[in-house]
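*Asks:* model.cif is the file, holding mmCIF, C-alpha atoms and all ligand atoms:
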data_work
loop_
_atom_site.label_atom_id
_atom_site.label_comp_id
_atom_site.auth_asym_id
_atom_site.auth_seq_id
_atom_site.Cartn_x
_atom_site.Cartn_y
_atom_site.Cartn_z
CA ARG A 1 0.53 19.30 9.22
CA ASP A 2 -3.18 19.09 10.18
CA MET A 3 -2.91 18.25 13.87
CA THR A 4 -6.68 18.32 14.42
CA GLY A 5 -6.71 15.12 12.37
CA VAL A 6 -4.27 13.37 14.67
CA ASN A 7 -6.28 14.57 17.68
CA ARG A 8 -9.50 13.10 16.26
CA VAL A 9 -7.82 9.75 15.78
CA VAL A 10 -6.07 9.82 19.16
CA THR A 11 -9.37 10.60 20.93
CA ALA A 12 -11.18 7.80 19.09
CA ILE A 13 -8.49 5.22 19.84
CA SER A 14 -8.10 6.11 23.50
CA GLY A 15 -11.90 6.08 23.97
CA GLY A 16 -12.46 2.54 22.69
CA ASP A 17 -11.29 -1.03 23.13
CA ASP A 18 -11.48 -4.33 21.22
CA TRP A 19 -10.27 -3.02 17.87
CA LEU A 20 -10.15 -4.67 14.48
CA ILE A 21 -7.14 -3.59 12.40
CA VAL A 22 -7.57 -3.78 8.63
CA THR A 23 -5.52 -2.71 5.62
CA HIS A 24 -5.68 -3.02 1.84
CA GLU A 25 -5.56 -6.32 -0.02
CA ARG A 26 -2.20 -7.39 -1.44
CA PRO A 27 -0.63 -5.36 1.39
CA ASP A 28 2.68 -3.59 0.78
CA GLY A 29 5.32 -2.51 3.31
CA ASP A 30 3.36 0.56 4.38
CA ALA A 31 0.13 -1.41 4.80
CA ILE A 32 1.80 -4.12 6.89
CA GLY A 33 4.05 -1.66 8.76
CA SER A 34 1.07 0.55 9.65
CA SER A 35 -1.11 -2.38 10.73
CA LEU A 36 1.56 -3.92 12.95
CA ALA A 37 2.53 -0.48 14.31
CA VAL A 38 -1.11 0.03 15.36
CA ALA A 39 -1.02 -3.45 16.93
CA HIS A 40 2.06 -2.41 18.94
CA ILE A 41 0.37 0.83 19.99
CA LEU A 42 -2.83 -0.93 21.13
CA ARG A 43 -0.85 -3.56 23.01
CA SER A 44 1.14 -0.83 24.69
CA LEU A 45 -2.14 0.84 25.74
CA GLY A 46 -3.40 -2.48 27.13
CA LYS A 47 -6.20 -2.69 24.56
CA LYS A 48 -7.51 -5.79 22.78
CA PHE A 49 -7.01 -6.01 19.03
CA THR A 50 -7.29 -8.38 16.06
CA PHE A 51 -5.34 -7.78 12.83
CA MET A 52 -7.45 -9.56 10.20
CA VAL A 53 -6.15 -10.45 6.75
CA SER A 54 -7.57 -12.36 3.78
CA GLU A 55 -4.30 -13.76 2.44
CA PRO A 56 -0.94 -14.70 3.97
CA LEU A 57 1.35 -11.68 4.40
CA PRO A 58 4.41 -11.61 2.08
CA HIS A 59 7.22 -13.52 3.75
CA ARG A 60 9.76 -10.74 3.15
CA PHE A 61 8.18 -8.81 6.04
CA SER A 62 8.43 -11.71 8.50
CA TYR A 63 11.26 -9.93 10.38
CA LEU A 64 8.62 -7.60 11.80
CA PRO A 65 7.68 -8.31 15.40
CA MET A 66 4.04 -9.44 15.72
CA PHE A 67 4.06 -10.54 12.03
CA ASP A 68 2.46 -13.79 13.22
CA THR A 69 -0.42 -12.05 14.99
CA ALA A 70 -2.11 -11.48 11.59
CA GLU A 71 -5.23 -13.64 11.66
CA MET A 72 -6.70 -15.23 8.52
CA ILE A 73 -10.40 -14.40 8.09
CA ALA A 74 -12.61 -17.47 8.68
CA SER A 75 -15.56 -18.32 6.47
CA PRO A 76 -18.16 -17.98 7.86
CA VAL A 77 -16.78 -15.34 10.20
CA VAL A 78 -16.47 -16.18 13.89
CA ARG A 79 -17.57 -12.76 15.11
CA THR A 80 -17.92 -9.16 14.00
CA TYR A 81 -16.22 -6.04 15.35
CA LYS A 82 -17.75 -2.70 16.34
CA ARG A 83 -14.50 -0.73 16.28
CA VAL A 84 -12.19 -0.72 13.27
CA ILE A 85 -8.90 1.01 12.49
CA ALA A 86 -8.30 1.07 8.71
CA VAL A 87 -4.76 1.99 7.67
CA ASP A 88 -3.39 2.84 4.19
CA CYS A 89 -6.85 2.20 2.66
CA ALA A 90 -7.78 4.80 0.01
CA ASP A 91 -11.43 3.73 0.20
CA GLU A 92 -13.60 1.15 1.96
CA ALA A 93 -13.48 -1.18 -1.06
CA ARG A 94 -9.77 -1.64 -0.36
CA PHE A 95 -10.56 -3.74 2.74
CA ALA A 96 -13.58 -5.51 1.18
CA PRO A 97 -12.04 -9.00 1.63
CA VAL A 98 -12.31 -8.64 5.43
CA ALA A 99 -15.55 -6.60 5.46
CA ALA A 100 -17.57 -9.65 6.57
CA CYS A 101 -16.20 -9.31 10.10
CA ILE A 102 -17.11 -5.62 10.39
CA ASP A 103 -20.41 -4.76 12.11
CA GLU A 104 -22.69 -2.69 9.85
CA PHE A 105 -22.72 0.15 12.42
CA ALA A 106 -19.04 -0.12 13.28
CA GLU A 107 -17.06 2.97 14.23
CA ILE A 108 -14.28 3.24 11.63
CA VAL A 109 -11.04 5.15 12.23
CA ASN A 110 -9.49 5.97 8.85
CA ILE A 111 -5.76 6.78 8.81
CA ASP A 112 -4.36 7.23 5.31
CA HIS A 113 -2.29 9.34 2.91
CA HIS A 114 -4.00 8.76 -0.48
CA GLN A 115 -5.28 11.96 -2.08
CA THR A 116 -8.26 10.05 -3.51
CA ASN A 117 -9.46 9.02 0.01
CA PRO A 118 -13.07 10.29 0.45
CA ARG A 119 -12.51 10.64 4.25
CA TYR A 120 -14.85 7.75 5.15
CA GLY A 121 -15.36 6.68 8.75
CA ALA A 122 -16.29 8.21 12.11
CA ALA A 123 -12.78 9.60 12.67
CA ALA A 124 -10.63 10.21 9.61
CA TRP A 125 -7.10 11.54 9.32
CA VAL A 126 -6.07 11.70 5.67
CA ASP A 127 -2.93 13.64 4.81
CA PRO A 128 -1.81 13.35 1.16
CA ALA A 129 1.38 15.26 2.05
CA ALA A 130 2.53 12.34 4.19
CA ALA A 131 5.12 10.09 2.57
CA ALA A 132 3.58 6.98 4.15
CA THR A 133 0.70 6.04 6.40
CA CYS A 134 3.47 5.05 8.82
CA GLU A 135 4.44 8.73 9.06
CA LEU A 136 0.92 9.43 10.36
CA ILE A 137 1.02 6.44 12.74
CA TYR A 138 4.25 7.86 14.18
CA HIS A 139 2.30 11.01 15.16
CA VAL A 140 -0.54 8.87 16.53
CA ALA A 141 1.94 7.01 18.76
CA ARG A 142 3.33 10.37 19.93
CA GLY A 143 -0.18 11.71 20.53
CA LEU A 144 -1.04 8.66 22.64
CA ASP A 145 2.24 8.92 24.58
CA VAL A 146 3.22 5.41 23.55
CA PRO A 147 6.95 4.73 23.96
CA LEU A 148 8.76 4.11 20.66
CA GLU A 149 10.21 0.72 21.52
CA THR A 150 12.32 -1.00 18.86
CA GLY A 151 9.55 -3.27 17.54
CA LEU A 152 7.18 -0.37 16.93
CA ALA A 153 10.02 1.68 15.39
CA MET A 154 10.83 -1.19 12.98
CA CYS A 155 7.23 -1.29 11.76
CA LEU A 156 7.15 2.47 11.20
CA TYR A 157 10.54 2.47 9.46
CA THR A 158 9.42 -0.35 7.13
CA GLY A 159 6.43 1.64 5.85
CA ILE A 160 8.45 4.82 5.46
CA LEU A 161 11.33 3.09 3.66
CA THR A 162 9.13 1.17 1.21
CA ASP A 163 6.60 3.94 0.43
CA THR A 164 9.38 6.46 -0.31
CA GLY A 165 11.15 3.93 -2.55
CA GLY A 166 14.12 4.03 -0.19
CA PHE A 167 13.88 7.80 0.50
CA ALA A 168 13.88 8.56 -3.24
CA TYR A 169 10.35 9.44 -4.41
CA PRO A 170 9.18 13.08 -4.57
CA SER A 171 7.22 12.41 -1.34
CA THR A 172 10.54 12.34 0.55
CA THR A 173 10.80 15.31 2.91
CA ARG A 174 13.03 16.67 5.62
CA ASP A 175 10.34 15.68 8.17
CA ILE A 176 10.42 12.06 7.05
CA HIS A 177 14.21 11.93 7.32
CA GLN A 178 13.96 13.39 10.82
CA ILE A 179 11.41 10.78 11.85
CA ALA A 180 13.62 8.06 10.33
CA ALA A 181 16.62 9.35 12.29
CA GLU A 182 14.55 9.17 15.47
CA LEU A 183 13.53 5.58 14.65
CA LEU A 184 17.22 4.70 14.27
CA ALA A 185 17.80 6.18 17.72
CA CYS A 186 15.13 3.73 18.96
CA GLY A 187 17.19 0.78 17.73
CA VAL A 188 16.22 0.35 14.08
CA GLN A 189 19.07 -1.08 11.99
CA PRO A 190 18.45 0.12 8.41
CA TYR A 191 20.12 -2.75 6.58
CA GLU A 192 18.24 -5.36 8.65
CA ILE A 193 15.05 -3.88 7.16
CA ALA A 194 16.16 -2.73 3.69
CA GLU A 195 17.71 -6.07 2.81
CA PRO A 196 14.65 -8.30 3.38
CA ALA A 197 11.99 -5.68 2.58
CA MET A 198 13.46 -4.16 -0.58
CA GLN A 199 16.51 -5.97 -1.92
CA SER A 200 15.85 -9.65 -1.53
CA ARG A 201 13.95 -11.66 -4.18
CA SER A 202 13.04 -15.31 -4.54
CA TRP A 203 14.25 -17.15 -7.66
CA GLU A 204 10.60 -17.50 -8.73
CA GLN A 205 10.23 -13.73 -8.56
CA VAL A 206 13.35 -13.14 -10.67
CA HIS A 207 12.15 -15.80 -13.13
CA LEU A 208 8.84 -13.95 -13.48
CA MET A 209 10.82 -10.73 -13.96
CA GLN A 210 12.77 -12.35 -16.83
CA MET A 211 9.53 -13.29 -18.56
CA ALA A 212 7.90 -9.90 -18.02
CA LEU A 213 10.94 -7.96 -19.23
CA ALA A 214 10.72 -9.91 -22.49
CA ASN A 215 7.42 -8.18 -23.27
CA LEU A 216 8.27 -4.70 -21.98
CA ALA A 217 7.44 -2.24 -24.75
CA VAL A 218 7.81 1.51 -25.11
CA SER A 219 5.67 3.93 -27.15
CA ASN A 220 6.99 5.37 -30.43
CA ASP A 221 7.66 8.75 -28.85
CA GLY A 222 9.15 7.12 -25.75
CA SER A 223 6.74 8.83 -23.35
CA TYR A 224 5.15 5.69 -21.90
CA ALA A 225 6.02 2.04 -21.49
CA ALA A 226 4.14 -1.07 -20.42
CA LEU A 227 4.69 -4.67 -19.51
CA TYR A 228 2.31 -7.46 -18.61
CA VAL A 229 2.08 -10.61 -16.52
CA THR A 230 -0.30 -13.42 -17.46
CA ARG A 231 -1.54 -16.29 -15.27
CA GLY A 232 0.56 -18.58 -17.46
CA MET A 233 3.70 -16.61 -16.65
CA ILE A 234 2.98 -16.62 -12.90
CA ASP A 235 2.25 -20.35 -12.89
CA GLY A 236 5.16 -21.10 -15.22
CA ALA A 237 7.59 -19.29 -12.94
CA GLY A 238 6.06 -20.88 -9.84
CA ALA A 239 5.57 -17.31 -8.65
CA THR A 240 2.81 -15.59 -6.68
CA ASP A 241 0.78 -12.50 -7.60
CA ASP A 242 2.81 -10.54 -5.07
CA ASP A 243 5.97 -11.37 -7.04
CA ALA A 244 4.76 -9.00 -9.78
CA GLU A 245 5.06 -6.13 -7.28
CA GLY A 246 7.76 -3.69 -8.41
CA LEU A 247 7.87 -4.78 -12.06
CA VAL A 248 6.21 -1.52 -13.05
CA GLU A 249 9.44 0.22 -11.99
CA PHE A 250 11.17 -1.17 -15.09
CA ALA A 251 8.66 0.63 -17.30
CA ARG A 252 8.92 3.86 -15.33
CA SER A 253 12.72 3.77 -15.15
CA ILE A 254 13.28 4.20 -18.90
CA ASP A 255 14.79 7.68 -19.22
CA THR A 256 12.32 9.04 -21.80
CA VAL A 257 9.24 7.60 -20.04
CA GLU A 258 6.78 9.72 -18.07
CA VAL A 259 4.17 6.99 -17.44
CA GLY A 260 4.95 3.35 -16.70
CA MET A 261 2.27 0.65 -16.63
CA LEU A 262 2.00 -2.94 -15.45
CA PHE A 263 -0.94 -5.16 -16.40
CA ARG A 264 -1.47 -8.36 -14.42
CA GLU A 265 -4.13 -10.99 -14.99
CA THR A 266 -5.87 -11.83 -11.70
CA VAL A 267 -7.11 -15.26 -10.61
CA ASP A 268 -10.72 -14.15 -11.09
CA GLY A 269 -10.19 -13.20 -14.75
CA LYS A 270 -9.75 -9.46 -14.34
CA VAL A 271 -6.74 -7.23 -14.97
CA LYS A 272 -4.93 -5.37 -12.19
CA VAL A 273 -3.24 -2.22 -13.48
CA SER A 274 -0.35 -0.39 -11.79
CA LEU A 275 0.41 3.13 -12.95
CA ARG A 276 3.52 5.19 -12.19
CA SER A 277 4.61 8.64 -13.36
CA LYS A 278 7.65 10.85 -12.92
CA ARG A 279 6.70 14.53 -12.92
CA ARG A 280 3.70 15.64 -14.94
CA VAL A 281 0.89 13.12 -15.24
CA ASP A 282 -1.49 12.63 -12.29
CA VAL A 283 -2.01 8.87 -12.61
CA SER A 284 -4.49 8.78 -9.70
CA ARG A 285 -6.98 10.54 -11.99
CA ILE A 286 -6.51 7.90 -14.68
CA ALA A 287 -6.97 5.15 -12.08
CA GLN A 288 -10.12 6.86 -10.80
CA THR A 289 -11.74 6.76 -14.23
CA PHE A 290 -11.56 2.96 -13.85
CA GLY A 291 -12.81 2.88 -10.25
CA GLY A 292 -9.36 2.79 -8.68
CA GLY A 293 -7.23 5.46 -7.04
CA GLY A 294 -3.96 6.21 -5.32
CA HIS A 295 -1.39 8.98 -5.47
CA ALA A 296 -0.40 11.42 -8.23
CA ARG A 297 2.77 9.42 -9.00
CA ALA A 298 1.58 5.88 -8.09
CA ALA A 299 -1.92 4.55 -8.54
CA GLY A 300 -3.82 1.42 -9.43
CA CYS A 301 -7.14 0.00 -10.59
CA THR A 302 -8.71 -3.28 -11.65
CA LEU A 303 -10.57 -3.73 -14.95
CA ALA A 304 -13.13 -6.46 -15.64
CA ALA A 305 -11.73 -7.14 -19.11
CA ASP A 306 -9.28 -9.38 -20.91
CA LEU A 307 -5.64 -8.35 -21.07
CA ASP A 308 -5.71 -6.92 -24.60
CA THR A 309 -8.83 -4.83 -23.96
CA ALA A 310 -7.51 -3.58 -20.62
CA MET A 311 -4.22 -2.53 -22.21
CA THR A 312 -5.85 -0.73 -25.13
CA THR A 313 -8.33 1.05 -22.85
CA VAL A 314 -5.79 2.25 -20.31
CA VAL A 315 -3.17 3.23 -22.91
CA GLU A 316 -5.82 5.42 -24.57
CA GLN A 317 -6.34 7.32 -21.28
CA VAL A 318 -2.60 7.60 -20.72
CA GLU A 319 -2.04 9.03 -24.22
CA GLN A 320 -4.81 11.55 -23.59
CA ALA A 321 -3.31 12.56 -20.24
CA LEU A 322 0.14 12.92 -21.80
CA ALA A 323 -1.29 15.12 -24.55
CA GLU A 324 -2.84 17.42 -21.91
CA VAL A 325 0.28 18.10 -19.86
P1 LIG B 401 0.02 -0.60 -6.88
O1 LIG B 401 0.09 -0.23 -8.31
O2 LIG B 401 1.38 -0.78 -6.28
O3 LIG B 401 -0.92 -1.72 -6.58
O4 LIG B 401 -0.63 0.64 -6.14
C1 LIG B 401 -0.12 1.95 -6.25
C2 LIG B 401 -0.89 2.88 -5.34
O5 LIG B 401 -2.24 2.97 -5.74
C3 LIG B 401 -0.92 2.38 -3.89
O6 LIG B 401 -0.81 3.51 -3.04
C4 LIG B 401 -2.27 1.74 -3.76
O7 LIG B 401 -2.76 1.84 -2.46
C5 LIG B 401 -3.13 2.50 -4.76
N1 LIG B 401 -4.09 1.59 -5.40
C6 LIG B 401 -3.79 0.48 -6.11
N2 LIG B 401 -4.91 -0.13 -6.56
C7 LIG B 401 -5.94 0.62 -6.13
C8 LIG B 401 -7.38 0.52 -6.28
O8 LIG B 401 -7.91 -0.40 -6.89
N3 LIG B 401 -8.12 1.48 -5.67
C9 LIG B 401 -7.55 2.51 -4.98
N4 LIG B 401 -8.36 3.42 -4.42
N5 LIG B 401 -6.22 2.64 -4.83
C10 LIG B 401 -5.42 1.72 -5.39
MN MN B 402 -0.14 0.71 0.37
MN MN B 403 1.03 3.95 1.74
#
Represent the structure from my file as structure tokens, please.
*Replies:*
Amino acid sequence: RDMTGVNRVVTAISGGDDWLIVTHERPDGDAIGSSLAVAHILRSLGKKFTFMVSEPLPHRFSYLPMFDTAEMIASPVVRTYKRVIAVDCADEARFAPVAACIDEFAEIVNIDHHQTNPRYGAAAWVDPAAAATCELIYHVARGLDVPLETGLAMCLYTGILTDTGGFAYPSTTRDIHQIAAELLACGVQPYEIAEPAMQSRSWEQVHLMQMALANLAVSNDGSYAALYVTRGMIDGAGATDDDAEGLVEFARSIDTVEVGMLFRETVDGKVKVSLRSKRRVDVSRIAQTFGGGGHARAAGCTLAADLDTAMTTVVEQVEQALAEV
């Protein structure tokens, strides 16, 4: 592990005060876990912070202490910040919805684990070998000598659990299990996190799942599969965009499939694409050709196109990638 990276970040954080915490839009467990873990760390250091978001956080993470400290961005913004900690953000566009409250000369601390991260910011620590940004935040807490009280440990565990798919994805290492064991020693109760964060679903979400599974299709050779979610389906199910999270797993889970895809119409008439692979295809490269990014086995992008065009265009790239490996 690159410990000069953690030192850069530790020095930057201890040298400044009045921090803005930001993460990526449509935040997942690692994004929220990392943000709230940083909030715990800053509070523990006696520093001022604001965790700014552009949409309400998914309710399933409401067991996290300090969940309610997330502040909705005002329009126009009340003030701007000169010091920013960005967590789990592969690039600066990922926190664009809260960019209006960032000073143009702000010092940005970039803590992330996406291989496509261009290492933006004044102090960056990007480690693609990390299973979750929360794994890096654990080392930041250690580096700052912040005690791992239960609340902080719960935030870190949430990001680690969700980003490893419950300690199952190839990113799962001995190190991450050791960190998890330590978090349990700090009072984390695994089921109290796994149940709300990973297992529980609203009826609306399951209803949306029923509709999406009806259109799940697999290629003739079985190597890729896709499903889609339209605005009509989301509205019809009474679901939210976040309820489509995880549907791509159904495509990926088919035994013959290497690449799974989910296409979701967005409110502003674009198409959000989620890409997953098992062993061979680097889906982050496919996502990058459309201006997105991510990890080798999980990546995403957004296309300014209608659903049919987006599907045809992305499938073409996936077929090409499959032919090359
Ligand atoms: P998901 O498909 O669940 O939205 O995202 C899968 C992975 O790709 C996540 O690690 C996420 O951060 C990353 N990702 C998703 N969409 C984008 C995007 O538009 N740009 C970049 N750089 N990364 C993305
Ligand atoms: Mn994330
Ligand atoms: Mn992550």
*Asks:* For the point (-6.7, -14.7, 7.7) in file coordinates, what residues are within 9 Å, counting all atoms listed in the file? Give the answer as a list in words?
*Replies:*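 In the file's frame, the residues around the point are Phe51, Met52, Val53, Ser54, Glu55, Pro56, Ala70, Glu71, Met72, Ile73, Ala74 and Val98 of chain A.
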*Asks:* Show which residues sit within 9 Å of range 298-300 of chain A, as a list in words. Count all atoms listed in the file, and ignore same-chain residues fewer than 5 positions away.
*Replies:*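 Selected residues are Lys272, Val273, Ser274, Leu275, Arg276, Ser277, Asp282, Val283, Ser284, Arg285, Ile286, Ala287, Gln288, Gly292 and Gly293 of chain A.
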*Asks:* Residues at most 8 Å from ligand MN 402 (chain B), using only C-alpha atoms and all ligand atoms? Could they come as a PyMOL selection string?
*Replies:* chain A and resi 24+27-31+88-89+163
*Asks:* Name all residues at most 7 Å from range 132-142 of chain A (count all atoms listed in the file; drop same-chain ones fewer than 2 positions away) and give them as a list in words.
*Replies:*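 My reading of the contact set: Val6, Val10, Asp30, Gly33, Ser34, Ile41, Val87, Asp88, Ile111, Asp112, His113, Ala130, Leu144, Asp145, Val146, Leu156, Gly159, Ile160 and Asp163 of chain A.
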*Asks:* CA of Pro128 in chain A and CA of Gln115 in chain A, how far apart in Å?
*Replies:*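 Distance between the two atoms: 4.9 Å.
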*Asks:* Select, from A:Thr69, A:Thr164, A:Gln205, A:Asn220, the residue with the minimum atom-to-atom distance to ligand LIG 401 (chain B), counting all atoms listed in the file.
*Replies:* A:Thr164
*Asks:* If you measure from CA of Ala122 in chain A to CA of Ile108 in chain A, what distance in Å do you get, rounded to one decimal?
*Replies:*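 According to the coordinates, CA of Ala122 in chain A and CA of Ile108 in chain A are separated by 5.4 Å.
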*Asks:* At a cut-off of 10 Å around the point (-16.9, -9.4, 12.3) (file coordinates), what residues fall inside when counting all atoms listed in the file? I'd like the answer as a PyMOL selection string.
*Replies:* chain A and resi 20+52+73-74+76-84+98-104+106
*Asks:* Using only C-alpha atoms, please write the residues we just selected to a file, as a PDB file, in the frame of the given file.
*Replies:*
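Listing of out27.pdb after writing:
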ATOM      1  CA  LEU A  20     -10.150  -4.670  14.480  1.00  0.00           C
ATOM      2  CA  MET A  52      -7.450  -9.560  10.200  1.00  0.00           C
ATOM      3  CA  ILE A  73     -10.400 -14.400   8.090  1.00  0.00           C
ATOM      4  CA  ALA A  74     -12.610 -17.470   8.680  1.00  0.00           C
ATOM      5  CA  PRO A  76     -18.160 -17.980   7.860  1.00  0.00           C
ATOM      6  CA  VAL A  77     -16.780 -15.340  10.200  1.00  0.00           C
ATOM      7  CA  VAL A  78     -16.470 -16.180  13.890  1.00  0.00           C
ATOM      8  CA  ARG A  79     -17.570 -12.760  15.110  1.00  0.00           C
ATOM      9  CA  THR A  80     -17.920  -9.160  14.000  1.00  0.00           C
ATOM     10  CA  TYR A  81     -16.220  -6.040  15.350  1.00  0.00           C
ATOM     11  CA  LYS A  82     -17.750  -2.700  16.340  1.00  0.00           C
ATOM     12  CA  ARG A  83     -14.500  -0.730  16.280  1.00  0.00           C
ATOM     13  CA  VAL A  84     -12.190  -0.720  13.270  1.00  0.00           C
ATOM     14  CA  VAL A  98     -12.310  -8.640   5.430  1.00  0.00           C
ATOM     15  CA  ALA A  99     -15.550  -6.600   5.460  1.00  0.00           C
ATOM     16  CA  ALA A 100     -17.570  -9.650   6.570  1.00  0.00           C
ATOM     17  CA  CYS A 101     -16.200  -9.310  10.100  1.00  0.00           C
ATOM     18  CA  ILE A 102     -17.110  -5.620  10.390  1.00  0.00           C
ATOM     19  CA  ASP A 103     -20.410  -4.760  12.110  1.00  0.00           C
ATOM     20  CA  GLU A 104     -22.690  -2.690   9.850  1.00  0.00           C
ATOM     21  CA  ALA A 106     -19.040  -0.120  13.280  1.00  0.00           C
TER      22      ALA A 106
END
*Asks:* So which one's closest to ligand LIG 401 (chain B), A:Ala180, A:Val314, A:Ala131, A:Val206? Using only C-alpha atoms and all ligand atoms, please.
*Replies:*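 Looking only at the distances to ligand LIG 401 (chain B), the closest residue turns out to be A:Ala131.
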*Asks:* Interatomic distance between atom C7 of ligand LIG 401 (chain B) and CA of Gly294 in chain A?
*Replies:* 6.0 Å
*Asks:* In terms of the shortest atom-to-atom distance over all atoms listed in the file, which of A:Ala96, A:Ala181, A:Ala323, A:Val318 is closest to ligand LIG 401 (chain B)?
*Replies:*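 Answer, going by the shortest atom-to-atom distance: A:Ala96.
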*Asks:* Smallest atom-to-atom distance to Ala153 in chain A: which of A:Val9, A:Leu184, A:Val281, A:Leu216, using only C-alpha atoms?
*Replies:*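 Smallest separation from Ala153 in chain A among the options: A:Leu184.
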*Asks:* Looking at all atoms listed in the file, which of A:Ile32, A:Ala124, A:Leu213, A:Leu307 is the one that sits closest to Ala12 in chain A?
*Replies:*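 Under the stated criterion, the closest residue is A:Ala124.
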*Asks:* Of the candidates A:Thr162, A:Ser35, A:Thr256, A:Thr172, which shows the shortest atom-to-atom distance to Ser219 in chain A, using all atoms listed in the file?
*Replies:*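 Ranking A:Thr162, A:Ser35, A:Thr256, A:Thr172 by distance to Ser219 in chain A, first place goes to A:Thr256.
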*Asks:* Show me, as a PDB file with C-alpha atoms, keeping the file's coordinate frame, the residues that have an atom within 10 Å of Ala214 in chain A when counting only C-alpha atoms, minus same-chain residues fewer than 3 positions from it.
*Replies:*
ATOM      1  CA  MET A 209      10.820 -10.730 -13.960  1.00  0.00           C
ATOM      2  CA  GLN A 210      12.770 -12.350 -16.830  1.00  0.00           C
ATOM      3  CA  MET A 211       9.530 -13.290 -18.560  1.00  0.00           C
ATOM      4  CA  ALA A 217       7.440  -2.240 -24.750  1.00  0.00           C
ATOM      5  CA  LEU A 227       4.690  -4.670 -19.510  1.00  0.00           C
ATOM      6  CA  TYR A 228       2.310  -7.460 -18.610  1.00  0.00           C
TER       7      TYR A 228
END
*Asks:* Centre and edge lengths, as lines of an AutoDock Vina configuration file, for the axis-aligned box enclosing every listed atom of range 229-240 of chain A with 5 Å of padding on each of the six sides, in Å to one decimal?
*Replies:*
center_x = 3.0
center_y = -15.9
center_z = -12.1
size_x = 19.1
size_y = 20.5
size_z = 20.8
